$ cat upload-v8.txt   # compact mmCIF, C-alpha atoms
# COMPACT_ATOMS: atom_id res chain seq x y z
CA MET A 14 18.87 -34.50 0.11
CA ALA A 15 21.25 -31.56 0.07
CA LEU A 16 20.99 -29.28 -2.94
CA ASP A 17 23.98 -27.45 -4.37
CA SER A 18 23.95 -23.98 -5.88
CA ASP A 19 23.57 -25.46 -9.35
CA THR A 20 20.07 -26.74 -8.59
CA PRO A 21 17.73 -25.16 -11.18
CA LEU A 22 14.82 -23.07 -9.96
CA ASN A 23 11.40 -24.70 -10.16
CA SER A 24 8.47 -22.92 -11.83
CA LEU A 25 7.69 -21.04 -8.59
CA GLY A 26 11.25 -19.78 -8.28
CA PHE A 27 12.67 -22.07 -5.59
CA ALA A 28 15.90 -24.09 -5.85
CA LYS A 29 14.34 -27.38 -4.82
CA PRO A 30 12.03 -30.03 -6.29
CA PRO A 31 8.30 -29.20 -6.51
CA ALA A 32 7.50 -32.03 -4.08
CA GLU A 33 9.52 -30.20 -1.40
CA THR A 34 7.87 -26.85 -2.14
CA ARG A 35 4.67 -26.16 -0.21
CA VAL A 36 2.25 -23.69 -1.80
CA VAL A 37 -1.01 -22.50 -0.26
CA VAL A 38 -3.60 -21.77 -2.95
CA ALA A 39 -6.34 -19.25 -2.12
CA MET A 40 -9.41 -21.00 -3.56
CA SER A 41 -12.60 -19.02 -4.12
CA GLY A 42 -14.44 -21.93 -5.74
CA GLY A 43 -14.23 -20.33 -9.18
CA VAL A 44 -12.49 -21.65 -12.26
CA ASP A 45 -9.38 -19.42 -11.98
CA SER A 46 -8.17 -20.45 -8.52
CA SER A 47 -9.25 -24.05 -9.16
CA VAL A 48 -7.04 -24.19 -12.26
CA VAL A 49 -4.11 -22.74 -10.28
CA ALA A 50 -4.49 -25.48 -7.64
CA ALA A 51 -4.85 -28.27 -10.23
CA LEU A 52 -1.93 -26.95 -12.30
CA LEU A 53 0.44 -26.81 -9.32
CA ALA A 54 -0.71 -30.21 -8.03
CA ASP A 55 -0.10 -31.64 -11.51
CA GLU A 56 3.43 -30.19 -11.48
CA GLY A 57 4.06 -32.11 -8.26
CA TYR A 58 3.94 -29.28 -5.70
CA ASP A 59 2.83 -29.81 -2.10
CA VAL A 60 -0.49 -27.97 -2.53
CA VAL A 61 -2.75 -26.90 0.33
CA GLY A 62 -6.09 -25.31 -0.65
CA VAL A 63 -7.64 -22.66 1.61
CA THR A 64 -11.09 -21.09 1.18
CA LEU A 65 -12.33 -18.16 3.23
CA GLN A 66 -15.86 -17.94 4.56
CA LEU A 67 -16.31 -14.20 4.53
CA TYR A 68 -19.92 -13.54 5.39
CA ASP A 69 -23.21 -15.08 6.50
CA HIS A 70 -24.01 -18.33 4.73
CA GLY A 71 -27.75 -17.83 4.97
CA ALA A 72 -27.48 -14.77 2.76
CA ALA A 73 -24.76 -16.29 0.62
CA LEU A 74 -26.57 -19.48 -0.30
CA ALA A 75 -29.42 -17.51 -1.83
CA LYS A 76 -27.05 -15.82 -4.24
CA LYS A 77 -25.37 -17.15 -7.35
CA GLY A 78 -22.29 -15.82 -9.07
CA ALA A 79 -20.40 -14.35 -6.12
CA CYS A 80 -17.17 -15.56 -4.62
CA CYS A 81 -17.03 -17.12 -1.18
CA ALA A 82 -20.67 -18.19 -0.96
CA GLY A 83 -21.74 -21.62 0.35
CA LEU A 84 -21.84 -23.19 -3.10
CA ASP A 85 -18.36 -21.87 -3.82
CA ILE A 86 -16.93 -23.48 -0.68
CA HIS A 87 -18.46 -26.76 -1.83
CA ASP A 88 -16.94 -26.33 -5.31
CA ALA A 89 -13.47 -25.59 -3.92
CA ARG A 90 -13.64 -28.63 -1.63
CA ARG A 91 -14.70 -30.84 -4.54
CA VAL A 92 -11.75 -29.69 -6.69
CA ALA A 93 -9.37 -30.51 -3.82
CA GLU A 94 -10.91 -33.99 -3.49
CA GLU A 95 -10.70 -34.56 -7.27
CA ARG A 96 -7.02 -33.58 -7.36
CA GLY A 97 -6.05 -35.19 -4.07
CA PHE A 98 -4.70 -32.34 -1.93
CA PRO A 99 -5.83 -31.07 1.50
CA HIS A 100 -8.36 -28.24 1.74
CA TYR A 101 -9.32 -26.02 4.66
CA VAL A 102 -12.17 -23.54 5.18
CA LEU A 103 -11.36 -20.62 7.45
CA ASP A 104 -14.05 -18.49 9.11
CA TYR A 105 -12.99 -14.90 8.47
CA GLU A 106 -16.47 -13.44 8.88
CA ASN A 107 -15.61 -11.04 11.74
CA ILE A 108 -12.35 -9.94 10.11
CA PHE A 109 -14.14 -9.32 6.81
CA LYS A 110 -16.93 -7.30 8.46
CA ASP A 111 -14.47 -5.13 10.41
CA ALA A 112 -11.92 -4.67 7.62
CA VAL A 113 -14.13 -4.46 4.53
CA ILE A 114 -17.92 -4.27 4.95
CA ASP A 115 -18.06 -1.56 7.65
CA GLU A 116 -15.69 0.73 5.76
CA PHE A 117 -17.64 0.10 2.55
CA ALA A 118 -20.84 1.27 4.26
CA ASP A 119 -19.25 4.27 5.95
CA SER A 120 -17.42 5.53 2.87
CA TYR A 121 -20.52 5.10 0.72
CA LEU A 122 -22.51 7.15 3.24
CA ALA A 123 -19.79 9.80 3.13
CA GLY A 124 -20.47 10.28 -0.59
CA ALA A 125 -17.53 8.20 -1.83
CA THR A 126 -17.62 5.29 -4.30
CA PRO A 127 -15.65 2.55 -2.52
CA VAL A 128 -13.87 -0.44 -4.07
CA PRO A 129 -14.18 -3.15 -1.39
CA CYS A 130 -12.38 -5.79 -3.47
CA ILE A 131 -9.13 -3.82 -3.05
CA ARG A 132 -9.58 -3.61 0.72
CA CYS A 133 -10.35 -7.35 0.83
CA ASN A 134 -7.11 -8.17 -0.99
CA GLU A 135 -5.16 -5.71 1.16
CA ARG A 136 -6.62 -6.44 4.60
CA VAL A 137 -7.82 -10.02 4.41
CA LYS A 138 -6.38 -12.16 1.60
CA PHE A 139 -2.88 -10.67 1.43
CA LYS A 140 -2.66 -10.01 5.17
CA ASP A 141 -4.43 -12.56 7.39
CA LEU A 142 -4.59 -15.36 4.82
CA LEU A 143 -0.95 -14.77 3.89
CA GLU A 144 0.01 -15.07 7.57
CA THR A 145 -1.97 -18.31 7.75
CA ALA A 146 0.02 -19.59 4.75
CA ARG A 147 3.25 -18.82 6.61
CA ASP A 148 1.88 -20.60 9.69
CA LEU A 149 1.34 -23.66 7.47
CA ASP A 150 5.07 -23.54 6.58
CA ALA A 151 4.30 -22.65 2.98
CA ASP A 152 7.09 -21.42 0.72
CA CYS A 153 4.62 -19.18 -1.10
CA MET A 154 0.92 -18.46 -1.69
CA ALA A 155 -0.67 -18.64 -5.14
CA THR A 156 -3.90 -17.00 -6.32
CA GLY A 157 -6.00 -17.00 -9.50
CA HIS A 158 -5.62 -13.26 -10.08
CA TYR A 159 -4.79 -12.05 -13.57
CA ILE A 160 -1.60 -10.10 -12.85
CA GLN A 161 2.09 -10.88 -13.32
CA ARG A 162 5.01 -11.03 -10.92
CA LYS A 163 8.38 -10.63 -12.61
CA ILE A 164 11.89 -10.52 -11.18
CA GLY A 165 13.69 -7.26 -11.99
CA ALA A 166 17.06 -5.76 -11.04
CA HIS A 167 15.76 -4.82 -7.57
CA GLY A 168 13.62 -7.89 -6.86
CA ALA A 169 10.00 -8.86 -7.49
CA GLU A 170 7.97 -6.44 -9.61
CA LEU A 171 4.22 -6.22 -10.25
CA HIS A 172 3.11 -6.18 -13.90
CA SER A 173 -0.30 -6.06 -15.55
CA ALA A 174 -1.70 -9.28 -17.02
CA GLU A 175 -0.88 -10.40 -20.56
CA ASP A 176 -4.60 -10.25 -21.39
CA ALA A 177 -5.67 -6.61 -20.96
CA ALA A 178 -9.33 -7.66 -20.90
CA ARG A 179 -8.74 -9.79 -17.77
CA ASP A 180 -6.12 -7.62 -16.05
CA GLN A 181 -6.75 -7.19 -12.31
CA SER A 182 -3.83 -4.91 -11.46
CA TYR A 183 -6.21 -2.07 -10.51
CA PHE A 184 -7.50 -4.21 -7.63
CA LEU A 185 -4.03 -5.27 -6.46
CA PHE A 186 -2.14 -1.96 -6.38
CA SER A 187 -1.80 -2.09 -2.57
CA THR A 188 0.27 -5.30 -2.66
CA THR A 189 3.47 -4.50 -0.74
CA PRO A 190 7.01 -5.54 -1.77
CA GLU A 191 7.11 -7.99 1.18
CA GLN A 192 3.83 -9.59 0.08
CA LEU A 193 5.03 -9.71 -3.51
CA ASP A 194 8.04 -11.76 -2.42
CA PHE A 195 5.66 -14.43 -1.08
CA LEU A 196 2.90 -14.33 -3.72
CA ARG A 197 2.65 -16.14 -7.07
CA PHE A 198 0.15 -15.54 -9.90
CA PRO A 199 0.31 -18.53 -12.29
CA LEU A 200 -2.40 -17.27 -14.70
CA GLY A 201 -1.13 -13.74 -15.38
CA HIS A 202 0.86 -14.69 -18.48
CA LEU A 203 -2.04 -16.46 -20.25
CA PRO A 204 -3.24 -14.72 -23.43
CA SER A 205 -6.96 -15.17 -22.68
CA LYS A 206 -9.56 -16.60 -20.31
CA GLY A 207 -10.15 -19.28 -22.93
CA GLU A 208 -6.74 -20.75 -22.04
CA THR A 209 -7.80 -21.02 -18.39
CA ARG A 210 -11.03 -22.82 -19.28
CA ALA A 211 -9.07 -25.14 -21.59
CA LEU A 212 -6.82 -26.05 -18.64
CA ALA A 213 -9.89 -26.64 -16.46
CA ALA A 214 -11.22 -29.02 -19.10
CA LYS A 215 -7.82 -30.71 -19.43
CA TYR A 216 -7.76 -31.44 -15.68
CA GLY A 217 -11.42 -32.53 -15.74
CA LEU A 218 -12.45 -29.96 -13.14
CA SER A 219 -16.10 -29.86 -12.14
CA VAL A 220 -16.00 -26.03 -12.30
CA ALA A 221 -14.69 -25.89 -15.90
CA ASP A 222 -17.88 -24.24 -17.20
CA LYS A 223 -18.76 -22.26 -14.07
CA PRO A 224 -19.61 -18.62 -14.92
CA ASP A 225 -17.38 -15.80 -13.64
CA SER A 226 -18.60 -13.83 -10.65
CA GLN A 227 -19.73 -10.34 -11.61
CA ASP A 228 -20.79 -8.62 -8.41
CA ILE A 229 -19.05 -7.63 -5.22
CA CYS A 230 -19.46 -10.82 -3.20
CA PHE A 231 -21.65 -9.33 -0.44
CA VAL A 232 -23.68 -7.07 -2.79
CA PRO A 233 -26.28 -9.25 -4.56
CA ASN A 234 -27.18 -8.09 -8.07
CA GLY A 235 -25.05 -4.96 -7.67
CA ASN A 236 -27.69 -3.33 -5.45
CA TYR A 237 -25.43 -1.26 -3.20
CA ALA A 238 -28.27 0.76 -1.69
CA ALA A 239 -30.12 -2.29 -0.37
CA VAL A 240 -26.98 -3.52 1.40
CA ILE A 241 -26.24 -0.10 2.90
CA GLU A 242 -29.81 0.26 4.19
CA LYS A 243 -29.49 -3.12 5.88
CA LEU A 244 -26.13 -2.19 7.47
CA ARG A 245 -27.07 1.42 8.30
CA PRO A 246 -30.88 1.65 8.66
CA ASP A 247 -30.83 5.46 9.01
CA ALA A 248 -28.90 5.91 5.78
CA ALA A 249 -31.82 6.58 3.47
CA ASP A 250 -32.62 10.09 4.71
CA PRO A 251 -34.35 12.12 1.98
CA GLY A 252 -33.05 15.43 0.65
CA ASP A 253 -32.93 17.72 -2.36
CA ILE A 254 -31.59 17.31 -5.86
CA VAL A 255 -29.90 20.64 -6.56
CA HIS A 256 -28.48 22.06 -9.80
CA ALA A 257 -24.88 23.29 -9.61
CA ASP A 258 -26.25 26.83 -10.07
CA GLY A 259 -28.30 26.49 -6.86
CA ARG A 260 -31.78 25.64 -8.22
CA VAL A 261 -33.68 22.90 -6.40
CA LEU A 262 -34.84 20.49 -9.12
CA GLY A 263 -36.42 17.71 -7.08
CA HIS A 264 -36.13 15.39 -4.10
CA HIS A 265 -34.35 12.11 -3.43
CA GLU A 266 -34.87 9.21 -1.01
CA GLY A 267 -31.26 8.98 0.15
CA ILE A 268 -27.80 9.87 -1.18
CA ILE A 269 -26.91 6.15 -1.11
CA HIS A 270 -28.95 5.70 -4.31
CA TYR A 271 -26.59 7.94 -6.34
CA THR A 272 -23.01 7.85 -7.60
CA ILE A 273 -20.77 10.47 -9.24
CA GLY A 274 -21.29 10.50 -13.01
CA GLN A 275 -24.77 8.95 -12.85
CA ARG A 276 -27.19 10.20 -15.50
CA ARG A 277 -30.14 7.80 -15.53
CA GLY A 278 -32.72 7.40 -12.80
CA LEU A 279 -32.36 10.90 -11.34
CA GLY A 280 -36.13 11.47 -11.33
CA ILE A 281 -35.89 15.00 -12.73
CA GLY A 282 -37.22 14.64 -16.27
CA GLY A 283 -38.43 17.37 -18.60
CA LEU A 284 -35.17 19.36 -18.65
CA SER A 285 -33.63 20.66 -21.85
CA GLU A 286 -30.06 19.55 -21.02
CA PRO A 287 -28.82 16.12 -19.90
CA LEU A 288 -27.69 16.33 -16.27
CA TYR A 289 -25.24 14.18 -14.33
CA VAL A 290 -24.48 13.73 -10.65
CA VAL A 291 -21.40 15.91 -10.15
CA LYS A 292 -21.18 15.92 -6.34
CA LEU A 293 -22.76 14.38 -3.24
CA ASP A 294 -23.00 16.73 -0.25
CA VAL A 295 -23.54 14.43 2.71
CA GLY A 296 -23.80 17.19 5.31
CA LYS A 297 -26.62 18.96 3.46
CA ARG A 298 -28.09 15.68 2.15
CA GLN A 299 -27.92 17.12 -1.37
CA VAL A 300 -27.40 15.39 -4.71
CA ILE A 301 -25.80 18.06 -6.90
CA VAL A 302 -26.29 17.74 -10.65
CA GLY A 303 -24.94 19.64 -13.62
CA PRO A 304 -23.81 19.41 -17.26
CA LYS A 305 -21.26 16.81 -18.30
CA GLU A 306 -18.34 19.27 -18.47
CA LEU A 307 -18.52 19.73 -14.68
CA LEU A 308 -17.46 16.08 -14.32
CA ALA A 309 -14.14 16.65 -16.04
CA THR A 310 -11.03 17.14 -13.92
CA ARG A 311 -7.28 17.14 -14.44
CA THR A 312 -6.11 17.26 -10.82
CA VAL A 313 -6.51 14.18 -8.62
CA PRO A 314 -5.45 14.24 -4.93
CA VAL A 315 -4.20 10.81 -3.79
CA ARG A 316 -3.38 9.43 -0.31
CA GLU A 317 -2.49 6.11 1.36
CA ILE A 318 -0.04 5.53 -1.48
CA ASN A 319 1.62 2.13 -1.83
CA TRP A 320 4.72 2.79 -3.94
CA LEU A 321 6.39 -0.06 -5.85
CA GLY A 322 9.05 1.88 -7.73
CA ASP A 323 12.76 1.06 -7.39
CA ALA A 324 13.65 4.50 -5.99
CA PRO A 325 11.71 6.14 -3.11
CA LEU A 326 8.58 8.07 -4.14
CA THR A 327 9.95 11.33 -2.73
CA SER A 328 13.33 10.97 -4.48
CA ARG A 329 11.88 12.98 -7.38
CA SER A 330 9.61 16.00 -7.48
CA GLU A 331 7.79 14.58 -10.52
CA TRP A 332 7.20 11.15 -11.99
CA HIS A 333 5.97 10.85 -15.58
CA ILE A 334 3.69 7.81 -15.50
CA SER A 335 0.25 6.66 -16.64
CA VAL A 336 -2.70 6.18 -14.29
CA LYS A 337 -6.06 4.47 -14.09
CA VAL A 338 -8.72 6.30 -12.09
CA ARG A 339 -11.35 3.62 -12.78
CA SER A 340 -10.92 -0.10 -13.25
CA THR A 341 -12.71 -0.10 -16.61
CA ARG A 342 -10.61 2.60 -18.30
CA PRO A 343 -7.19 2.28 -19.92
CA PRO A 344 -4.19 4.02 -18.31
CA ARG A 345 -3.72 7.69 -19.26
CA GLU A 346 -0.55 9.74 -19.15
CA ALA A 347 -0.07 11.91 -16.07
CA ILE A 348 2.46 13.59 -13.81
CA LEU A 349 2.71 12.32 -10.24
CA ARG A 350 3.90 14.98 -7.77
CA PRO A 351 4.72 13.51 -4.34
CA LEU A 352 3.79 15.55 -1.24
CA SER A 353 5.05 12.91 1.23
CA ASP A 354 5.78 9.16 1.29
CA THR A 355 2.04 8.42 1.11
CA THR A 356 0.38 11.49 -0.47
CA ALA A 357 0.61 13.10 -3.89
CA THR A 358 -1.18 15.12 -6.52
CA VAL A 359 -1.74 13.55 -9.93
CA GLU A 360 -2.10 15.87 -12.92
CA LEU A 361 -3.75 14.22 -15.93
CA PHE A 362 -2.59 15.25 -19.41
CA ASP A 363 -6.22 15.08 -20.58
CA PRO A 364 -9.26 15.75 -18.36
CA GLU A 365 -11.07 12.67 -17.04
CA GLU A 366 -14.79 12.51 -16.27
CA GLY A 367 -16.27 11.03 -13.15
CA VAL A 368 -13.17 10.95 -10.94
CA SER A 369 -14.72 9.94 -7.65
CA PRO A 370 -13.46 9.99 -4.04
CA GLY A 371 -13.17 6.43 -2.76
CA GLN A 372 -11.89 5.05 -6.05
CA ALA A 373 -8.27 4.03 -6.56
CA CYS A 374 -5.70 5.83 -8.69
CA VAL A 375 -3.25 3.20 -9.92
CA PHE A 376 0.19 4.03 -11.34
CA TYR A 377 1.64 2.35 -14.46
CA GLU A 378 4.79 2.55 -16.55
CA THR A 379 3.84 4.50 -19.69
CA GLY A 380 4.05 2.18 -22.68
CA GLY A 381 4.98 -0.81 -20.48
CA SER A 382 3.35 -3.33 -18.17
CA ARG A 383 4.92 -2.47 -14.81
CA VAL A 384 2.65 -1.37 -11.96
CA PHE A 385 4.18 1.26 -9.67
CA GLY A 386 1.48 0.96 -7.01
CA GLY A 387 -1.22 3.53 -6.41
CA GLY A 388 -3.35 5.26 -3.82
CA TRP A 389 -6.87 6.35 -2.90
CA ILE A 390 -8.60 9.35 -4.46
CA TRP A 391 -9.97 11.81 -1.95
CA ARG A 392 -11.38 15.33 -2.03
CA GLY A 393 -8.10 17.00 -1.09
$ encode --input "upload-v8.txt" --output "structure tokens"
Amino acid sequence: MALDSDTPLNSLGFAKPPAETRVVVAMSGGVDSSVVAALLADEGYDVVGVTLQLYDHGAALAKKGACCAGLDIHDARRVAEERGFPHYVLDYENIFKDAVIDEFADSYLAGATPVPCIRCNERVKFKDLLETARDLDADCMATGHYIQRKIGAHGAELHSAEDAARDQSYFLFSTTPEQLDFLRFPLGHLPSKGETRALAAKYGLSVADKPDSQDICFVPNGNYAAVIEKLRPDAADPGDIVHADGRVLGHHEGIIHYTIGQRRGLGIGGLSEPLYVVKLDVGKRQVIVGPKELLATRTVPVREINWLGDAPLTSRSEWHISVKVRSTRPPREAILRPLSDTTATVELFDPEEGVSPGQACVFYETGGSRVFGGGWIWRG
């Protein structure tokens, strides 16, 4: 039937009935994306579930608590059967290896501390999967991420989740304005994870009590070094542990076993002062340690910036914002000084410890929820 301009928008923002609105739901097999699919199906939308197989099943099946493993594909398929909508599994193994795993290994070996979940969202889920959703004639794609999409004066805006404890905006800073037009995040406004589990119970989902995944999906038990050694067998070259003043304090079995800010497990006991990893020198194969004050920095060089502000990044010489330099820390006030459309220097009002190349620096509205994008920290 023809719809006139007075047709109210449905809950996904389209001026047509839910039954005529096709939405692809990215289903990881966990409770969040399962609730999104069940919720939209219950509202009468034309739901299509899609799950990505991202890496080798043999390895995946031996591991619990990670997304995209064999068990998770089974769980996603079962939810689709329970709720009566179609479900597809797409083999993205080669794409995932090229776009995420290889860079993870290389950047780790270069002394950085990578965040592969961001690259996965940027290069796989919000790129290839989003294109697949368009190929399926979907009006939009929905995910179980805890982040909000709001319509502002200039179009769709990204905002942090209502529940700060669940907020995933740090991992989604590279979402582009074009992607944001197509994406929906139905859980971002919920006050707590308890609400999500209550919805899962309401819909009778088999995954209602499934635990949340904790690790990076291809890094079992958080053991980065074991994964890197498997991917890059020559990566565990030994070297020296050196104090910032030049003293050799001990030896290590590979830089891959250390991260910036690490204090425990350095293997150099008996010293009067607590020491932290302050730098990794890949060329010299040195782990450089020093007192905690050497970790503090106020200047953060950022590149590959994705800017989500209303005016161009370079339209001002300074932006007064707040930033997160680690996913687990609250935003802190800073000044963003653009150098180009994609590079900038961030000056923190208060020094931050453990700012590490390879991590993201995400930009926020000070005192508000809006996300202005972000970029990647590098050595400058």
$ residues_around --input "upload-v8.txt" --residues "range 315-332 of chain A" --least-positions-apart "3" --cutoff "12 Å" --atoms "all atoms listed in the file" --output "number ranges by chain"
A: 135, 165-172, 185-193, 312, 335-336, 338, 346-360, 368-379, 383-393
$ write_last_selection --input "upload-v8.txt" --atoms "C-alpha atoms" --output "compact mmCIF listing (two decimals), in the frame of the given file"
# COMPACT_ATOMS: atom_id res chain seq x y z
CA GLU A 135 -5.16 -5.71 1.16
CA GLY A 165 13.69 -7.26 -11.99
CA ALA A 166 17.06 -5.76 -11.04
CA HIS A 167 15.76 -4.82 -7.57
CA GLY A 168 13.62 -7.89 -6.86
CA ALA A 169 10.00 -8.86 -7.49
CA GLU A 170 7.97 -6.44 -9.61
CA LEU A 171 4.22 -6.22 -10.25
CA HIS A 172 3.11 -6.18 -13.90
CA LEU A 185 -4.03 -5.27 -6.46
CA PHE A 186 -2.14 -1.96 -6.38
CA SER A 187 -1.80 -2.09 -2.57
CA THR A 188 0.27 -5.30 -2.66
CA THR A 189 3.47 -4.50 -0.74
CA PRO A 190 7.01 -5.54 -1.77
CA GLU A 191 7.11 -7.99 1.18
CA GLN A 192 3.83 -9.59 0.08
CA LEU A 193 5.03 -9.71 -3.51
CA THR A 312 -6.11 17.26 -10.82
CA SER A 335 0.25 6.66 -16.64
CA VAL A 336 -2.70 6.18 -14.29
CA VAL A 338 -8.72 6.30 -12.09
CA GLU A 346 -0.55 9.74 -19.15
CA ALA A 347 -0.07 11.91 -16.07
CA ILE A 348 2.46 13.59 -13.81
CA LEU A 349 2.71 12.32 -10.24
CA ARG A 350 3.90 14.98 -7.77
CA PRO A 351 4.72 13.51 -4.34
CA LEU A 352 3.79 15.55 -1.24
CA SER A 353 5.05 12.91 1.23
CA ASP A 354 5.78 9.16 1.29
CA THR A 355 2.04 8.42 1.11
CA THR A 356 0.38 11.49 -0.47
CA ALA A 357 0.61 13.10 -3.89
CA THR A 358 -1.18 15.12 -6.52
CA VAL A 359 -1.74 13.55 -9.93
CA GLU A 360 -2.10 15.87 -12.92
CA VAL A 368 -13.17 10.95 -10.94
CA SER A 369 -14.72 9.94 -7.65
CA PRO A 370 -13.46 9.99 -4.04
CA GLY A 371 -13.17 6.43 -2.76
CA GLN A 372 -11.89 5.05 -6.05
CA ALA A 373 -8.27 4.03 -6.56
CA CYS A 374 -5.70 5.83 -8.69
CA VAL A 375 -3.25 3.20 -9.92
CA PHE A 376 0.19 4.03 -11.34
CA TYR A 377 1.64 2.35 -14.46
CA GLU A 378 4.79 2.55 -16.55
CA THR A 379 3.84 4.50 -19.69
CA ARG A 383 4.92 -2.47 -14.81
CA VAL A 384 2.65 -1.37 -11.96
CA PHE A 385 4.18 1.26 -9.67
CA GLY A 386 1.48 0.96 -7.01
CA GLY A 387 -1.22 3.53 -6.41
CA GLY A 388 -3.35 5.26 -3.82
CA TRP A 389 -6.87 6.35 -2.90
CA ILE A 390 -8.60 9.35 -4.46
CA TRP A 391 -9.97 11.81 -1.95
CA ARG A 392 -11.38 15.33 -2.03
CA GLY A 393 -8.10 17.00 -1.09
$ atom_distance --input "upload-v8.txt" --atom1 "CA of Asn236 in chain A" --atom2 "CA of Leu142 in chain A"
28.0 Å
$ atom_distance --input "upload-v8.txt" --atom1 "CA of Ile164 in chain A" --atom2 "CA of Ser46 in chain A"
22.5 Å
$ atom_distance --input "upload-v8.txt" --atom1 "CA of Thr145 in chain A" --atom2 "CA of Val220 in chain A"
25.7 Å
$ closest_residue --input "upload-v8.txt" --among "A:Gly235, A:Lys292, A:Cys153, A:Leu103" --to "Leu53 in chain A" --atoms "all atoms listed in the file"
A:Cys153
$ residues_near_point --input "upload-v8.txt" --point "(-25.2, 6.4, -13.1)" --cutoff "12 Å" --atoms "only C-alpha atoms" --output "PDB file with C-alpha atoms, in the coordinates of the input"
ATOM      1  CA  THR A 126     -17.620   5.290  -4.300  1.00  0.00           C
ATOM      2  CA  HIS A 270     -28.950   5.700  -4.310  1.00  0.00           C
ATOM      3  CA  TYR A 271     -26.590   7.940  -6.340  1.00  0.00           C
ATOM      4  CA  THR A 272     -23.010   7.850  -7.600  1.00  0.00           C
ATOM      5  CA  ILE A 273     -20.770  10.470  -9.240  1.00  0.00           C
ATOM      6  CA  GLY A 274     -21.290  10.500 -13.010  1.00  0.00           C
ATOM      7  CA  GLN A 275     -24.770   8.950 -12.850  1.00  0.00           C
ATOM      8  CA  ARG A 276     -27.190  10.200 -15.500  1.00  0.00           C
ATOM      9  CA  ARG A 277     -30.140   7.800 -15.530  1.00  0.00           C
ATOM     10  CA  GLY A 278     -32.720   7.400 -12.800  1.00  0.00           C
ATOM     11  CA  LEU A 279     -32.360  10.900 -11.340  1.00  0.00           C
ATOM     12  CA  LEU A 288     -27.690  16.330 -16.270  1.00  0.00           C
ATOM     13  CA  TYR A 289     -25.240  14.180 -14.330  1.00  0.00           C
ATOM     14  CA  VAL A 290     -24.480  13.730 -10.650  1.00  0.00           C
ATOM     15  CA  VAL A 291     -21.400  15.910 -10.150  1.00  0.00           C
ATOM     16  CA  VAL A 302     -26.290  17.740 -10.650  1.00  0.00           C
ATOM     17  CA  GLY A 367     -16.270  11.030 -13.150  1.00  0.00           C
TER      18      GLY A 367
END
$ closest_residue --input "upload-v8.txt" --among "A:Asp250, A:Asp111, A:Asp45, A:Asp59" --to "Ala151 in chain A" --atoms "all atoms listed in the file"
A:Asp59
$ residues_around --input "upload-v8.txt" --residues "Gly124 in chain A" --least-positions-apart "3" --cutoff "7 Å" --atoms "all atoms listed in the file" --output "VMD selection string"
chain A and resid 120 to 121 293 to 295
$ write_last_selection --input "upload-v8.txt" --atoms "C-alpha atoms" --output "compact mmCIF listing (two decimals), in the coordinates of the input"
# COMPACT_ATOMS: atom_id res chain seq x y z
CA SER A 120 -17.42 5.53 2.87
CA TYR A 121 -20.52 5.10 0.72
CA LEU A 293 -22.76 14.38 -3.24
CA ASP A 294 -23.00 16.73 -0.25
CA VAL A 295 -23.54 14.43 2.71
$ closest_residue --input "upload-v8.txt" --among "A:Val60, A:Ala146, A:Leu65, A:Ala213" --to "Val102 in chain A" --atoms "all atoms listed in the file"
A:Leu65
$ closest_residue --input "upload-v8.txt" --among "A:Leu52, A:Ala249, A:Ala239, A:Cys230" --to "Val113 in chain A" --atoms "only C-alpha atoms"
A:Cys230
$ closest_residue --input "upload-v8.txt" --among "A:Ser205, A:Ser285, A:Thr156, A:Asn107" --to "Glu175 in chain A" --atoms "all atoms listed in the file"
A:Ser205
$ build_atoms --input "upload-v8.txt" --residues "range 238-244 of chain A" --atoms "N, CA, C and O atoms" --output "short mmCIF file (atom, residue, chain, number, x, y, z; two decimals), in the frame of the given file"
data_model
loop_
_atom_site.label_atom_id
_atom_site.label_comp_id
_atom_site.auth_asym_id
_atom_site.auth_seq_id
_atom_site.Cartn_x
_atom_site.Cartn_y
_atom_site.Cartn_z
N ALA A 238 -27.40 0.05 -2.62
CA ALA A 238 -28.27 0.76 -1.69
C ALA A 238 -28.98 -0.18 -0.72
O ALA A 238 -29.10 0.11 0.47
N ALA A 239 -29.41 -1.34 -1.24
CA ALA A 239 -30.12 -2.29 -0.37
C ALA A 239 -29.20 -2.81 0.74
O ALA A 239 -29.62 -2.97 1.89
N VAL A 240 -27.94 -3.05 0.40
CA VAL A 240 -26.98 -3.52 1.40
C VAL A 240 -26.70 -2.44 2.44
O VAL A 240 -26.68 -2.70 3.64
N ILE A 241 -26.52 -1.20 1.98
CA ILE A 241 -26.24 -0.10 2.90
C ILE A 241 -27.41 0.12 3.85
O ILE A 241 -27.23 0.32 5.05
N GLU A 242 -28.63 0.06 3.33
CA GLU A 242 -29.81 0.26 4.19
C GLU A 242 -29.89 -0.82 5.26
O GLU A 242 -30.29 -0.56 6.39
N LYS A 243 -29.47 -2.02 4.91
CA LYS A 243 -29.49 -3.12 5.88
C LYS A 243 -28.42 -2.90 6.97
O LYS A 243 -28.65 -3.13 8.15
N LEU A 244 -27.23 -2.42 6.53
CA LEU A 244 -26.13 -2.19 7.47
C LEU A 244 -26.32 -0.92 8.28
O LEU A 244 -25.93 -0.85 9.45
#
